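Let me begin by presenting the structure, written as structure tokens, before commenting on it.
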Amino acid sequence: MNDQARNLRRSTAIPEAVLPPSLPAVAITGGKGGVGKTCLAVNLALLLAKLGKKPLLVDCDLSLANADVLLGLNPTATLFEVLTGSAPIKGAIVDGPGGMGFIPAASGRDELTRLSQSQLDSLIGGLNQVAQGYDMLVIDTPAGIGREVMSLLRASRTVVVVVTPEPTSLTDAYALIKVLENSDPGRDIRIVINMANHQDDALQAFARLKKVIATYLHRDITLIGSIPRDRHVAEAVRNRTPFALGPDTPALLALRAVAMRLKNEAWRDKK
Ligand SMILES: Nc1ncnc2c1ncn2[C@@H]1O[C@H](COP(=O)(O)OP(=O)(O)OP(=O)(O)O)[C@@H](O)[C@H]1O
Ligand SMILES: [Mg+2]
């Protein structure tokens, strides 16, 4: 398996420098688009701040940024300026609510859809530097299993895969985990089921994913929580106010439990 992983790394030109995971980061990913990655990343960072941690939210959906919209912010410097060399990464950090830091991405910059490996390496290196001032990074990733996403996942200590109970989401999540597992076996991967109509749907979806991963990838995965479909989430998006700043709703209660588990488990002995 190790030889296979080494060959894969060579064939995809993934530099050994980013391995093993170097970032004190939880990367929020999912394979499929629209499953709630950004909503959960933004609100998770806020909840971690409310739990006494000092998180830095990083929008790594580099060319279709959304986290700033959900936070109701209009940033000036973004990762576009950082990656094109006109701003230092520290200069792109803005103060978010509750004491969290936030690094925004840009929108509509197609240059950022084809980063070179050295640009990706320097982004990860820059994030490693600014991470010193924070307890943890929360990285929002774009949909897909492209090189940018996979580099960020390989660099992050914990990978949270957001899945909805739909078969297409489960298929995409499996594909993503397979690609990650083939190159870096045994990563800390946790699953969040989002937008389930009932808890039974969430548990069934997780059981299906767990079974297929055990059968074909010969590893176990952990469920870190399930977030119900909740109209308050969409309302918060429309109002550009994160739902974590509002009153307790079913989604907020469920995500708070996820934040507590991440705080207690993923970061134990790691910082
Ligand atoms: N638990 C939930 N209940 C109800 N609606 C939700 C929930 N989670 C997310 N949504 C809705 O799903 C929409 C898409 O969410 P979001 O933008 O976070 O997805 P994404 O995975 O980041 O998408 P993309 O792949 O385009 O980046 C949100 O605008 C919100 O309205
Ligand atoms: Mg998103």
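Every chain in the structure tokens has a letter given in the order shown (A, B, ...), and although residue numbers restart at 1 in each chain, ligands are simply numbered from 1 in the order shown.
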Within 10 Å of A:Pro142, counting only C-alpha atoms, which residues show up once you throw out same-chain ones fewer than 2 positions away? Write them as a PyMOL selection string, please. chain A and resi 28-34+37-38+59-66+139-140+144-146+148-149
Emit the selected residues as a PDB file, in the first residue's frame, including C-alpha atoms.
ATOM      1  CA  ILE A  28     -14.623  21.187   5.213  1.00  0.00           C
ATOM      2  CA  THR A  29     -15.220  19.362   1.965  1.00  0.00           C
ATOM      3  CA  GLY A  30     -17.726  17.055   0.316  1.00  0.00           C
ATOM      4  CA  GLY A  31     -17.089  16.321  -3.332  1.00  0.00           C
ATOM      5  CA  LYS A  32     -20.527  17.512  -4.436  1.00  0.00           C
ATOM      6  CA  GLY A  33     -21.555  21.149  -4.798  1.00  0.00           C
ATOM      7  CA  GLY A  34     -24.300  22.750  -2.739  1.00  0.00           C
ATOM      8  CA  LYS A  37     -19.885  23.140   3.053  1.00  0.00           C
ATOM      9  CA  THR A  38     -19.664  26.936   3.287  1.00  0.00           C
ATOM     10  CA  ASP A  59     -12.177  30.626   2.297  1.00  0.00           C
ATOM     11  CA  CYS A  60     -10.332  28.374  -0.126  1.00  0.00           C
ATOM     12  CA  ASP A  61     -13.099  28.376  -2.725  1.00  0.00           C
ATOM     13  CA  LEU A  62     -10.563  30.576  -4.438  1.00  0.00           C
ATOM     14  CA  SER A  63     -12.480  31.801  -7.456  1.00  0.00           C
ATOM     15  CA  LEU A  64     -16.100  31.494  -6.259  1.00  0.00           C
ATOM     16  CA  ALA A  65     -15.857  32.894  -2.746  1.00  0.00           C
ATOM     17  CA  ASN A  66     -18.981  32.752  -0.589  1.00  0.00           C
ATOM     18  CA  ILE A 139     -10.847  25.713   5.675  1.00  0.00           C
ATOM     19  CA  ASP A 140     -13.830  25.944   3.342  1.00  0.00           C
ATOM     20  CA  GLY A 144     -14.867  18.556  -6.600  1.00  0.00           C
ATOM     21  CA  ILE A 145     -11.741  16.474  -6.293  1.00  0.00           C
ATOM     22  CA  GLY A 146      -9.399  18.706  -8.281  1.00  0.00           C
ATOM     23  CA  GLU A 148      -6.401  22.393  -5.349  1.00  0.00           C
ATOM     24  CA  VAL A 149      -8.946  20.640  -3.150  1.00  0.00           C
TER      25      VAL A 149
END
Which of stretch 28-270 of chain A end up as alpha helix (DSSP H) when DSSP is run on this backbone - answer as a VMD selection string? chain A and resid 37 to 50 67 to 71 79 to 83 117 to 131 147 to 155 167 to 183 199 to 217 231 to 239 250 to 261
Show which residues sit within 7 Å of A:Pro55, as a PyMOL selection string. Count only C-alpha atoms, and ignore same-chain residues fewer than 2 positions away. chain A and resi 45+48-49+53+57+100-101+134-138
May I have the selected residues written with N, CA and C atoms, as an mmCIF file, in the first residue's frame?
data_model
loop_
_atom_site.group_PDB
_atom_site.id
_atom_site.type_symbol
_atom_site.label_atom_id
_atom_site.label_comp_id
_atom_site.auth_asym_id
_atom_site.auth_seq_id
_atom_site.Cartn_x
_atom_site.Cartn_y
_atom_site.Cartn_z
ATOM 1 N N ALA A 45 -16.840 27.774 12.544
ATOM 2 C CA ALA A 45 -15.775 28.662 13.038
ATOM 3 C C ALA A 45 -16.337 29.576 14.129
ATOM 4 N N LEU A 48 -16.863 27.567 17.298
ATOM 5 C CA LEU A 48 -15.591 27.274 17.968
ATOM 6 C C LEU A 48 -15.106 28.509 18.725
ATOM 7 N N ALA A 49 -15.306 29.692 18.134
ATOM 8 C CA ALA A 49 -14.933 30.938 18.824
ATOM 9 C C ALA A 49 -15.780 31.096 20.092
ATOM 10 N N LYS A 53 -12.278 28.923 21.630
ATOM 11 C CA LYS A 53 -11.124 28.705 20.755
ATOM 12 C C LYS A 53 -10.884 29.960 19.922
ATOM 13 N N LEU A 57 -10.922 31.231 9.990
ATOM 14 C CA LEU A 57 -11.684 30.685 8.861
ATOM 15 C C LEU A 57 -10.993 31.102 7.564
ATOM 16 N N MET A 100 -13.023 35.561 15.937
ATOM 17 C CA MET A 100 -12.389 34.678 14.955
ATOM 18 C C MET A 100 -11.719 35.506 13.860
ATOM 19 N N GLY A 101 -10.676 34.938 13.249
ATOM 20 C CA GLY A 101 -10.067 35.585 12.091
ATOM 21 C C GLY A 101 -10.701 35.036 10.827
ATOM 22 N N TYR A 134 -3.310 31.272 15.869
ATOM 23 C CA TYR A 134 -4.677 30.776 16.080
ATOM 24 C C TYR A 134 -4.653 29.360 16.652
ATOM 25 N N ASP A 135 -5.798 28.949 17.214
ATOM 26 C CA ASP A 135 -5.885 27.572 17.718
ATOM 27 C C ASP A 135 -6.079 26.586 16.587
ATOM 28 N N MET A 136 -6.823 26.988 15.580
ATOM 29 C CA MET A 136 -7.080 26.075 14.474
ATOM 30 C C MET A 136 -7.559 26.837 13.250
ATOM 31 N N LEU A 137 -7.282 26.261 12.099
ATOM 32 C CA LEU A 137 -7.827 26.808 10.863
ATOM 33 C C LEU A 137 -9.082 26.012 10.512
ATOM 34 N N VAL A 138 -10.082 26.712 10.006
ATOM 35 C CA VAL A 138 -11.261 26.039 9.437
ATOM 36 C C VAL A 138 -11.258 26.418 7.964
#
Provide the atom CA of A:Asp110 to atom 19 (O, counted along the ligand's line) of ligand 1 distance in Å, to one decimal place. 20.0 Å
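Of the listed residues (A:Leu40, A:Ala155, A:Ala105, A:Met260), A:Leu40 comes nearest to A:Pro228; the distances count only C-alpha atoms.
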Please give the complete set of residues from stretch 12-101 of chain A that DSSP, run on the backbone, assigns to strand (DSSP E), formatted as a PyMOL selection string. chain A and resi 23-29+55-59+94-95+101
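Note that the spacing between atom CA of A:Arg208 and atom CA of A:Pro165 amounts to 9.6 Å.
Around ligand 1, the neighbouring residues within 6 Å, taking only C-alpha atoms and all ligand atoms, come to A:Gly33, A:Gly34, A:Val35, A:Gly36, A:Lys37, A:Thr38, A:Cys39, A:Pro142, A:Ala143, A:Asn194, A:Met195, A:Ile227, A:Pro228, A:Arg229, A:Asp230, A:Arg231, A:Val233, A:Ala234, A:Val237, A:Ala251.
Neighbours of A:Pro88 closer than or equal to 12 Å, with only C-alpha atoms counted and sequence neighbours fewer than 2 positions away skipped, come out as A:Ala77, A:Thr78, A:Leu79, A:Phe80, A:Glu81, A:Val82, A:Leu83, A:Thr84, A:Gly85, A:Ser86, A:Lys90, A:Gly91, A:Ala92, A:Ile93, A:Ile103, A:Ser122, A:Leu123, A:Gly126, A:Leu127, A:Gln129, A:Val130.
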Just want the 9 Å neighbourhood of A:Asn128, counted on only C-alpha atoms, with same-chain residues fewer than 5 positions away dropped. Output as a list in words. Ser22, Leu23, Pro24 and Leu123 of chain A
Export of prior selection with C-alpha atoms as a compact mmCIF listing (two decimals), in the first residue's frame:
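Below is the file that was written, out_37.txt:
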# COMPACT_ATOMS: atom_id res chain seq x y z
CA SER A 22 1.20 20.11 8.16
CA LEU A 23 -1.71 22.42 8.91
CA PRO A 24 -3.50 22.55 12.25
CA LEU A 123 -0.52 29.11 -0.07
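Restricting the calculation to only C-alpha atoms and all ligand atoms, the smallest distance between ligand 2 and any of A:His218, A:Val69, A:Pro247, A:Asp184 is found for A:Val69.
Take the candidates A:Asp201, A:Gly98, A:Arg256, A:Leu70 and check each one against ligand 2 using only C-alpha atoms and all ligand atoms; the shortest distance goes to A:Leu70.
Take the candidates A:Thr141, A:Ser107, A:Ile89, A:Asp95 and check each one against ligand 2 using only C-alpha atoms and all ligand atoms; the shortest distance goes to A:Thr141.
A straight line drawn from atom CA of A:Gly125 to atom CA of A:Leu153 is 14.0 Å long.
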A:Val159: which residues within 9 Å, counting only C-alpha atoms, same-chain residues fewer than 2 positions away excluded, as an MDAnalysis selection string? chainID A and resid 25:29 153:154 156:157 161 187:191
Counting only C-alpha atoms and all ligand atoms, the option among A:Val258, A:Ile221, A:Ala67, A:Asn264 closest to ligand 2: A:Ala67
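Of the listed residues (A:Val58, A:Leu152, A:Gln117, A:Arg238), A:Val58 comes nearest to ligand 2; the distances count only C-alpha atoms and all ligand atoms.
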